[in-house]
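One file, my_file33.csv, carrying CSV, C-alpha atoms and all ligand atoms:
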chain,number,residue,atom,x,y,z
A,1,MET,CA,124.1,66.7,128.0
A,2,GLU,CA,120.8,66.5,129.9
A,3,LEU,CA,122.4,68.4,132.8
A,4,ASN,CA,123.7,71.1,130.5
A,5,ARG,CA,120.3,71.5,128.9
A,6,ARG,CA,118.7,71.8,132.4
A,7,THR,CA,121.3,74.4,133.3
A,8,VAL,CA,120.5,76.4,130.2
A,9,ILE,CA,116.8,76.1,130.9
A,10,ALA,CA,117.3,77.2,134.5
A,11,GLY,CA,119.4,80.2,133.5
A,12,ALA,CA,117.1,81.1,130.7
A,13,ALA,CA,114.1,80.9,133.1
A,14,ALA,CA,115.8,83.2,135.5
A,15,ALA,CA,116.2,85.7,132.7
A,16,GLY,CA,112.5,85.4,131.8
A,17,ILE,CA,113.0,83.0,129.0
A,18,ALA,CA,112.4,79.2,128.8
A,19,ALA,CA,113.3,75.9,127.0
A,20,THR,CA,114.9,75.2,123.7
A,21,THR,CA,113.3,74.4,120.4
A,22,LEU,CA,115.2,73.8,117.1
A,23,GLY,CA,118.4,75.3,118.5
A,24,GLY,CA,116.9,78.6,119.7
A,25,THR,CA,116.2,79.4,123.3
A,26,ALA,CA,112.4,79.4,123.7
A,27,HIS,CA,110.2,81.8,125.6
A,28,ALA,CA,107.4,80.8,127.9
A,29,SER,CA,105.1,82.5,125.3
A,30,GLY,CA,106.5,80.3,122.5
A,31,GLY,CA,109.2,82.6,121.3
A,32,SER,CA,112.7,81.7,120.7
A,33,THR,CA,115.9,83.7,120.6
A,34,PRO,CA,117.1,84.5,117.1
A,35,VAL,CA,119.4,81.8,115.5
A,36,LYS,CA,121.9,82.8,112.9
A,37,LYS,CA,123.2,80.6,110.0
A,38,LEU,CA,125.1,81.2,106.8
A,39,PHE,CA,122.8,81.8,103.8
A,40,GLY,CA,125.4,82.6,101.2
A,41,THR,CA,128.4,84.6,100.1
A,42,LEU,CA,128.4,87.7,97.8
A,43,ALA,CA,130.8,88.0,94.9
A,44,ASP,CA,133.1,90.3,97.0
A,45,GLY,CA,133.3,87.6,99.7
A,46,THR,CA,130.9,89.2,102.2
A,47,LYS,CA,128.9,86.6,104.1
A,48,VAL,CA,125.1,86.9,104.2
A,49,HIS,CA,123.4,85.4,107.2
A,50,LEU,CA,119.8,84.1,107.7
A,51,TRP,CA,118.3,84.9,111.1
A,52,SER,CA,115.4,82.7,112.3
A,53,LEU,CA,113.1,83.8,115.1
A,54,ALA,CA,109.7,82.9,116.4
A,55,ASN,CA,107.2,84.2,118.9
A,56,GLY,CA,103.4,83.9,119.6
A,57,GLY,CA,102.9,81.6,116.6
A,58,THR,CA,104.8,83.7,114.0
A,59,ARG,CA,108.0,82.4,112.5
A,60,LEU,CA,110.3,84.9,110.7
A,61,LYS,CA,113.4,84.5,108.7
A,62,VAL,CA,115.5,87.6,107.9
A,63,LEU,CA,118.6,88.1,105.8
A,64,SER,CA,121.4,90.5,106.7
A,65,TYR,CA,121.3,91.4,102.9
A,66,GLY,CA,118.6,94.1,102.5
A,67,GLY,CA,117.0,93.2,105.9
A,68,ILE,CA,115.0,90.9,103.6
A,69,VAL,CA,112.1,88.9,105.1
A,70,GLN,CA,113.0,85.6,103.4
A,71,SER,CA,110.1,83.7,104.9
A,72,LEU,CA,107.2,84.6,107.3
A,73,GLU,CA,105.1,81.6,108.5
A,74,ILE,CA,101.8,81.9,110.2
A,75,PRO,CA,99.1,79.2,110.9
A,76,ASP,CA,95.7,79.0,109.1
A,77,ARG,CA,92.4,78.3,110.9
A,78,HIS,CA,93.4,74.7,111.3
A,79,GLY,CA,96.8,75.5,112.7
A,80,ARG,CA,98.6,74.7,109.4
A,81,TYR,CA,101.7,76.8,108.8
A,82,ARG,CA,102.6,78.4,105.4
A,83,ASN,CA,105.1,80.9,104.3
A,84,VAL,CA,102.9,83.9,103.3
A,85,SER,CA,105.7,86.0,101.7
A,86,LEU,CA,107.3,85.7,98.3
A,87,GLY,CA,111.1,85.1,98.2
A,88,PHE,CA,114.0,83.1,97.0
A,89,ASP,CA,116.1,80.2,98.3
A,90,THR,CA,119.5,81.5,97.4
A,91,ILE,CA,121.4,84.8,97.7
A,92,GLU,CA,122.4,84.6,94.1
A,93,GLU,CA,118.7,84.9,93.1
A,94,TYR,CA,118.2,87.9,95.3
A,95,VAL,CA,121.3,89.6,93.8
A,96,ALA,CA,120.5,88.7,90.2
A,97,GLY,CA,117.2,90.6,90.2
A,98,SER,CA,114.6,90.6,92.9
A,99,PRO,CA,111.6,92.9,92.6
A,100,TYR,CA,112.4,94.0,96.2
A,101,PHE,CA,111.0,90.7,97.7
A,102,GLY,CA,110.7,91.2,101.5
A,103,ALA,CA,113.3,94.0,101.5
A,104,LEU,CA,113.9,97.2,103.5
A,105,ILE,CA,113.5,100.1,101.2
A,106,GLY,CA,115.5,103.3,101.5
A,107,ARG,CA,116.5,106.0,101.3
A,108,TYR,CA,113.3,106.8,99.6
A,109,GLY,CA,110.4,104.4,99.3
A,110,ASN,CA,108.7,104.6,95.9
A,111,ARG,CA,109.3,107.2,93.2
A,112,ILE,CA,111.0,110.6,93.0
A,113,GLY,CA,110.2,112.3,89.6
A,114,LYS,CA,113.2,112.5,87.3
A,115,GLY,CA,115.4,111.7,90.4
A,116,ARG,CA,115.5,115.4,91.1
A,117,PHE,CA,114.6,117.6,94.0
A,118,THR,CA,115.7,121.0,95.5
A,119,LEU,CA,116.3,121.3,99.2
A,120,ASP,CA,117.2,124.6,100.9
A,121,GLY,CA,117.9,126.1,97.5
A,122,THR,CA,120.3,123.3,96.4
A,123,ALA,CA,119.4,121.0,93.5
A,124,HIS,CA,120.1,117.3,93.9
A,125,GLN,CA,120.2,114.7,91.2
A,126,ILE,CA,119.9,111.2,92.6
A,127,ASP,CA,120.3,107.9,90.8
A,128,VAL,CA,117.7,107.2,88.2
A,129,ASN,CA,116.7,103.5,87.9
A,130,ASP,CA,113.0,103.4,86.7
A,131,GLY,CA,112.6,105.0,83.3
A,132,GLU,CA,113.4,108.7,83.9
A,133,ASN,CA,112.6,108.4,87.6
A,134,THR,CA,114.1,107.0,90.8
A,135,LEU,CA,112.4,104.0,92.5
A,136,HIS,CA,113.1,102.7,96.0
A,137,GLY,CA,116.2,104.7,96.6
A,138,GLY,CA,118.1,104.1,93.3
A,139,ALA,CA,119.9,101.2,91.6
A,140,ARG,CA,121.6,100.2,94.9
A,141,GLY,CA,119.1,101.1,97.6
A,142,PHE,CA,119.0,99.7,101.1
A,143,ASP,CA,117.5,96.5,99.8
A,144,LYS,CA,121.0,95.7,98.2
A,145,ARG,CA,123.1,96.6,101.2
A,146,VAL,CA,124.4,94.3,103.9
A,147,TRP,CA,123.1,95.4,107.3
A,148,ASP,CA,124.7,94.8,110.7
A,149,VAL,CA,122.3,92.5,112.6
A,150,GLU,CA,122.2,92.2,116.4
A,151,PRO,CA,119.6,89.9,118.1
A,152,PHE,CA,117.8,90.8,121.3
A,153,THR,CA,115.3,89.4,123.8
A,154,LYS,CA,113.3,92.0,125.9
A,155,GLY,CA,110.7,90.7,128.3
A,156,SER,CA,108.5,88.5,126.2
A,157,ASP,CA,109.6,90.1,122.9
A,158,VAL,CA,112.3,88.8,120.6
A,159,GLY,CA,113.9,90.6,117.7
A,160,LEU,CA,116.7,92.0,115.6
A,161,TYR,CA,118.3,95.4,115.4
A,162,LEU,CA,119.5,96.2,111.9
A,163,HIS,CA,122.0,99.0,111.4
A,164,TYR,CA,123.2,100.6,108.2
A,165,THR,CA,125.1,103.8,107.6
A,166,SER,CA,124.5,105.4,104.2
A,167,VAL,CA,127.4,107.7,103.4
A,168,ASP,CA,127.0,111.3,102.2
A,169,GLY,CA,126.3,111.3,98.5
A,170,GLU,CA,125.3,107.6,98.3
A,171,MET,CA,123.0,107.3,95.3
A,172,GLY,CA,123.1,111.1,95.2
A,173,TYR,CA,121.4,111.8,98.5
A,174,PRO,CA,122.9,114.5,100.7
A,175,GLY,CA,124.1,113.7,104.3
A,176,THR,CA,125.4,110.7,106.1
A,177,LEU,CA,122.3,108.8,107.2
A,178,LYS,CA,122.6,106.5,110.1
A,179,VAL,CA,119.7,104.0,110.1
A,180,LYS,CA,118.4,101.6,112.7
A,181,VAL,CA,115.5,99.3,112.0
A,182,THR,CA,114.1,97.1,114.7
A,183,TYR,CA,112.2,94.0,113.9
A,184,THR,CA,110.2,92.8,116.9
A,185,LEU,CA,108.1,89.6,117.3
A,186,THR,CA,105.8,90.1,120.2
A,187,ARG,CA,104.3,87.4,122.4
A,188,GLN,CA,101.0,87.9,120.5
A,189,GLY,CA,102.9,87.1,117.3
A,190,ASP,CA,102.8,90.6,115.9
A,191,TRP,CA,105.7,91.7,113.7
A,192,ARG,CA,106.5,95.3,114.5
A,193,ILE,CA,109.0,97.5,112.6
A,194,ASP,CA,110.5,100.6,114.2
A,195,TYR,CA,112.5,102.8,111.8
A,196,GLU,CA,115.0,105.4,113.1
A,197,ALA,CA,117.4,107.6,111.2
A,198,THR,CA,119.6,110.6,111.8
A,199,THR,CA,121.6,112.8,109.4
A,200,ASP,CA,124.4,115.3,109.4
A,201,LYS,CA,123.0,117.4,106.5
A,202,ALA,CA,119.4,118.2,105.5
A,203,THR,CA,118.1,115.3,103.4
A,204,VAL,CA,115.0,113.4,102.5
A,205,VAL,CA,114.0,110.0,104.0
A,206,ASN,CA,111.1,107.6,103.4
A,207,LEU,CA,111.7,104.1,104.7
A,208,THR,CA,109.4,101.1,104.2
A,209,SER,CA,109.2,97.3,103.9
A,210,HIS,CA,108.4,95.5,100.7
A,211,VAL,CA,106.9,92.1,101.7
A,212,TYR,CA,104.9,90.5,99.0
A,213,TRP,CA,101.9,88.9,100.8
A,214,ASN,CA,99.9,85.9,99.8
A,215,LEU,CA,98.0,84.7,102.9
A,216,ALA,CA,97.0,81.4,101.2
A,217,GLY,CA,100.7,80.7,101.1
A,218,GLU,CA,103.6,81.6,98.8
A,219,ALA,CA,103.2,79.7,95.4
A,220,SER,CA,99.4,79.2,95.9
A,221,GLY,CA,98.4,81.3,92.9
A,222,SER,CA,96.5,84.6,92.7
A,223,VAL,CA,95.6,86.9,95.6
A,224,TYR,CA,92.6,88.4,93.7
A,225,ASP,CA,90.2,86.6,96.1
A,226,HIS,CA,91.8,88.2,99.2
A,227,GLU,CA,89.6,90.8,100.9
A,228,LEU,CA,91.2,94.1,101.5
A,229,GLU,CA,90.1,97.1,103.5
A,230,ILE,CA,91.9,100.4,103.6
A,231,ALA,CA,90.9,103.3,105.9
A,232,ALA,CA,91.4,106.0,103.2
A,233,SER,CA,88.9,108.3,101.5
A,234,ARG,CA,91.5,109.6,99.1
A,235,TYR,CA,94.5,108.4,97.0
A,236,THR,CA,97.2,110.1,95.0
A,237,PRO,CA,96.5,109.7,91.2
A,238,VAL,CA,99.6,109.3,89.1
A,239,ASP,CA,100.9,110.1,85.6
A,240,SER,CA,102.0,107.5,83.1
A,241,GLY,CA,105.4,107.2,84.9
A,242,LEU,CA,103.6,106.5,88.2
A,243,ILE,CA,104.6,109.9,89.6
A,244,PRO,CA,101.7,111.5,91.7
A,245,THR,CA,100.1,114.5,89.9
A,246,GLY,CA,99.8,116.2,93.3
A,247,GLU,CA,96.0,115.8,93.5
A,248,LEU,CA,94.4,114.0,96.4
A,249,ALA,CA,91.4,112.4,94.6
A,250,LYS,CA,88.4,110.9,96.3
A,251,VAL,CA,88.1,107.1,96.2
A,252,ALA,CA,84.3,107.3,96.4
A,253,GLY,CA,82.7,105.8,93.2
A,254,THR,CA,86.1,104.5,91.9
A,255,PRO,CA,87.8,101.1,91.9
A,256,PHE,CA,90.1,102.7,94.6
A,257,ASP,CA,87.4,102.6,97.3
A,258,PHE,CA,88.4,99.9,99.8
A,259,ARG,CA,86.8,101.7,102.8
A,260,ARG,CA,84.6,98.6,103.0
A,261,ALA,CA,86.3,95.2,102.5
A,262,LYS,CA,86.1,94.0,98.9
A,263,THR,CA,88.2,91.5,97.0
A,264,VAL,CA,91.4,92.7,95.3
A,265,GLY,CA,90.0,91.3,92.0
A,266,GLU,CA,86.6,92.9,92.2
A,267,ASP,CA,87.4,96.1,90.4
A,268,ILE,CA,90.9,95.4,89.1
A,269,ARG,CA,89.7,95.0,85.5
A,270,VAL,CA,87.5,98.1,85.5
A,271,ALA,CA,88.4,100.4,82.6
A,272,HIS,CA,89.9,103.3,84.6
A,273,GLN,CA,92.9,105.3,83.4
A,274,GLN,CA,94.7,105.0,86.7
A,275,LEU,CA,94.5,101.2,86.6
A,276,LEU,CA,95.9,101.3,83.0
A,277,TYR,CA,98.8,103.3,84.2
A,278,GLY,CA,99.6,100.9,87.1
A,279,GLN,CA,98.6,97.7,85.2
A,280,GLY,CA,96.4,97.2,88.3
A,281,PHE,CA,96.6,98.9,91.7
A,282,ASP,CA,100.0,100.6,92.3
A,283,HIS,CA,99.0,103.7,94.1
A,284,ASN,CA,99.4,105.5,97.4
A,285,TRP,CA,96.3,105.7,99.6
A,286,VAL,CA,96.0,108.9,101.7
A,287,LEU,CA,95.2,107.4,105.1
A,288,ASP,CA,92.4,109.3,106.8
A,289,LYS,CA,94.2,109.3,110.2
A,290,GLY,CA,97.3,111.2,108.8
A,291,VAL,CA,100.6,111.2,110.5
A,292,THR,CA,100.2,109.9,114.1
A,293,ALA,CA,102.5,109.6,117.1
A,294,LYS,CA,101.3,106.0,117.8
A,295,PRO,CA,100.5,103.3,115.2
A,296,VAL,CA,96.8,103.4,114.2
A,297,PRO,CA,95.1,100.5,112.3
A,298,VAL,CA,94.8,101.3,108.6
A,299,ALA,CA,94.4,98.1,106.6
A,300,THR,CA,93.1,94.6,106.9
A,301,LEU,CA,93.8,91.8,104.4
A,302,ARG,CA,92.0,88.5,104.7
A,303,ASP,CA,92.2,85.2,102.8
A,304,PRO,CA,88.8,83.6,103.0
A,305,SER,CA,90.2,80.1,102.1
A,306,SER,CA,92.7,79.8,104.9
A,307,GLY,CA,91.2,82.3,107.3
A,308,ARG,CA,94.5,84.0,107.7
A,309,THR,CA,94.3,87.7,108.3
A,310,LEU,CA,96.9,90.5,108.4
A,311,ARG,CA,96.1,93.8,110.1
A,312,ILE,CA,98.4,96.8,109.6
A,313,ALA,CA,98.8,99.7,112.0
A,314,THR,CA,101.1,102.6,111.3
A,315,THR,CA,102.3,106.0,112.3
A,316,GLU,CA,102.7,106.8,108.6
A,317,PRO,CA,100.2,108.9,106.5
A,318,GLY,CA,100.3,106.8,103.3
A,319,LEU,CA,99.9,103.2,102.1
A,320,GLN,CA,101.2,102.0,98.7
A,321,PHE,CA,98.9,99.1,97.6
A,322,TYR,CA,100.7,97.3,94.8
A,323,SER,CA,98.8,94.3,93.3
A,324,GLY,CA,101.9,92.5,92.1
A,325,ASN,CA,101.4,93.7,88.5
A,326,PHE,CA,104.9,93.4,87.3
A,327,LEU,CA,105.4,89.8,88.3
A,328,GLU,CA,105.8,88.5,84.8
A,329,GLY,CA,106.4,84.8,85.0
A,330,THR,CA,110.1,85.2,84.9
A,331,LEU,CA,111.1,84.3,88.5
A,332,VAL,CA,111.1,81.0,90.3
A,333,GLY,CA,110.3,81.5,93.9
A,334,SER,CA,111.3,79.7,97.1
A,335,GLY,CA,108.5,77.1,96.6
A,336,GLY,CA,109.9,76.1,93.2
A,337,THR,CA,107.1,77.6,91.1
A,338,VAL,CA,107.0,80.5,88.8
A,339,TYR,CA,105.5,83.8,90.0
A,340,ARG,CA,102.9,85.5,87.8
A,341,GLN,CA,101.0,88.7,87.9
A,342,GLY,CA,98.8,89.0,91.0
A,343,ASP,CA,100.5,86.1,92.9
A,344,ALA,CA,101.0,88.5,95.8
A,345,LEU,CA,100.4,92.1,96.9
A,346,CYS,CA,102.4,94.7,98.8
A,347,LEU,CA,101.1,97.1,101.5
A,348,GLU,CA,103.9,99.6,102.0
A,349,THR,CA,103.4,102.1,104.8
A,350,GLN,CA,105.1,105.3,103.8
A,351,HIS,CA,105.1,109.1,103.2
A,352,PHE,CA,103.7,109.9,99.7
A,353,PRO,CA,105.8,109.2,96.6
A,354,ASP,CA,107.6,112.3,95.1
A,355,SER,CA,107.0,114.3,98.3
A,356,PRO,CA,110.3,116.2,97.8
A,357,ASN,CA,108.7,117.8,94.7
A,358,LYS,CA,105.2,118.2,96.2
A,359,PRO,CA,105.2,120.9,98.8
A,360,SER,CA,101.5,120.2,99.7
A,361,PHE,CA,102.4,116.6,100.7
A,362,PRO,CA,103.5,115.8,104.3
A,363,SER,CA,107.3,116.6,104.4
A,364,THR,CA,110.0,113.9,104.1
A,365,VAL,CA,112.8,116.3,105.0
A,366,LEU,CA,115.1,115.3,107.9
A,367,ARG,CA,117.6,117.8,109.4
A,368,PRO,CA,120.6,117.4,111.6
A,369,GLY,CA,119.5,117.2,115.3
A,370,GLN,CA,116.2,115.6,114.3
A,371,THR,CA,115.4,111.8,114.6
A,372,TYR,CA,113.3,110.2,111.9
A,373,ARG,CA,111.0,107.7,113.7
A,374,THR,CA,108.1,105.7,112.2
A,375,THR,CA,106.5,102.4,113.3
A,376,THR,CA,104.4,99.8,111.5
A,377,VAL,CA,102.8,96.8,113.2
A,378,HIS,CA,101.7,93.7,111.4
A,379,SER,CA,99.2,91.6,113.4
A,380,PHE,CA,98.1,88.1,112.3
A,381,GLY,CA,94.8,86.3,112.9
A,382,ARG,CA,93.0,83.2,111.6
B,1,LIG,C1,106.0,100.1,93.2
B,1,LIG,C2,105.8,99.4,91.9
B,1,LIG,C3,107.0,98.5,91.7
B,1,LIG,C4,107.2,97.6,92.9
B,1,LIG,C5,108.3,96.6,92.8
B,1,LIG,C6,106.2,99.1,94.3
B,1,LIG,O1,106.3,99.7,95.5
B,1,LIG,O2,104.9,101.0,93.5
B,1,LIG,O3,105.6,100.3,90.9
B,1,LIG,O4,107.0,97.8,90.5
B,1,LIG,O5,107.3,98.3,94.0
B,1,LIG,O6,109.3,96.9,91.9

What does this structure look like when you write it as structure tokens?
Ligand code: BGC
Amino acid sequence: MELNRRTVIAGAAAAGIAATTLGGTAHASGGSTPVKKLFGTLADGTKVHLWSLANGGTRLKVLSYGGIVQSLEIPDRHGRYRNVSLGFDTIEEYVAGSPYFGALIGRYGNRIGKGRFTLDGTAHQIDVNDGENTLHGGARGFDKRVWDVEPFTKGSDVGLYLHYTSVDGEMGYPGTLKVKVTYTLTRQGDWRIDYEATTDKATVVNLTSHVYWNLAGEASGSVYDHELEIAASRYTPVDSGLIPTGELAKVAGTPFDFRRAKTVGEDIRVAHQQLLYGQGFDHNWVLDKGVTAKPVPVATLRDPSSGRTLRIATTEPGLQFYSGNFLEGTLVGSGGTVYRQGDALCLETQHFPDSPNKPSFPSTVLRPGQTYRTTTVHSFGR
């Protein structure tokens, strides 16, 4: 046994990786090769796996169902680990009704008004699942699909490739869309997401990730005392159905001004029509840097009590900051307690909602021969 273990370690060291912890092969940097185990079985018999990986002090658990981040653990200023993302313990709970906890979102992150758009003169009606509008791709978006997951180790990085092919006409969208999402944990403990997609017909695409963050720890109560900074001078106001009006409004002098860090709760109860529509913050911030080839830092979230921080860098032009307004005390999370309004928040990097109907917004059209590519990096500190 001991000999075998030494052989494994010697082989791994030769390949640039080192010893074993908790069943995974560990890197010199503290990373370990992804380990797969059965999480549950869907009604149609499809098996759902849970992948565990770690690197640079970050521990990530990902489901093949929805590419869902089931748990993301990081240390506080004293080195104490907590899961900082909301989720469930069983596949049945995810299937029964998850508000997109930790999931990959596609084909179109956030809303498309009335589920309609016209592309190259052809009108498309997509699946409507949020009042009269489409939210996060339709009733069976990418969050409810089983992805092919393949682990990798590359130098000091560890990660997962997630593949899903969305057939022509799925949820009403034109074109067969081949999607590849790469989750990488770097030796610094950053969680990087690279999205790629190609199509065989002109279509619209807007992919994102829907982690519900609570840096004090899942099930530790409200995030209203978290400090948030967003590098955006404008946001996209919405109508009562949360569809952007098309205006890019200045944040200056409004509750939407997060250019200097302030707590999430500071202005959340200000009597402002936009906060009434969203029942809190549920808006797209127009990032000052616009679309960029490389990820640029755009937001910082900090929990003063634990010292944990999250920094987000992205190539995307928009950020949906959603303050967990529709958590209504109806779901029991992985920690065994009930989630209530404000128990977590989402920071979804994206193109703007309803872009297919807003010619002045950055385009979300993807054509045959083009490759959709965006990157978002989550860095953690304490
Ligand atoms: C949307 C919210 C929605 C939430 C989860 C967010 O991205 O902006 O309106 O309730 O996702 O369902």

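Environment of ligand LIG 1 (chain B), defined as every protein or nucleic acid residue with an atom within 8 Å of it and counting only C-alpha atoms and all ligand atoms, comprises Pro99, Tyr100, Gly109, Asn110, Arg111, Leu135, His136, His210, Leu242, Gly278, Asp282, His283, Gln320, Phe321, Tyr322, Gly324, Asn325, Phe326, Cys346 and Glu348 of chain A.
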
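Of the residues under consideration (A:Arg116, A:Arg340, A:Arg311, A:Arg140), A:Arg340 shows the shortest atom-to-atom contact distance to A:Ser222 when counting only C-alpha atoms.
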
Residue nearest A:Val62 among A:Gly115, A:Gly172, A:Gly159, A:Pro244 (counting all atoms listed in the file): A:Gly159

Proximity to A:Ser166 - best of A:Ser64, A:Ser52, A:Thr90, A:Thr198, all atoms listed in the file: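 Comparing A:Ser64, A:Ser52, A:Thr90, A:Thr198 against A:Ser166, the winner is A:Thr198.
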
Non-local contacts of A:Thr208 (12 Å; only C-alpha atoms; under 4 positions in same chain excluded) as a ChimeraX atom specification: /A:66-68,100,102-110,136-137,141-143,181,193-196,314-316,318-320,346-353,373-377
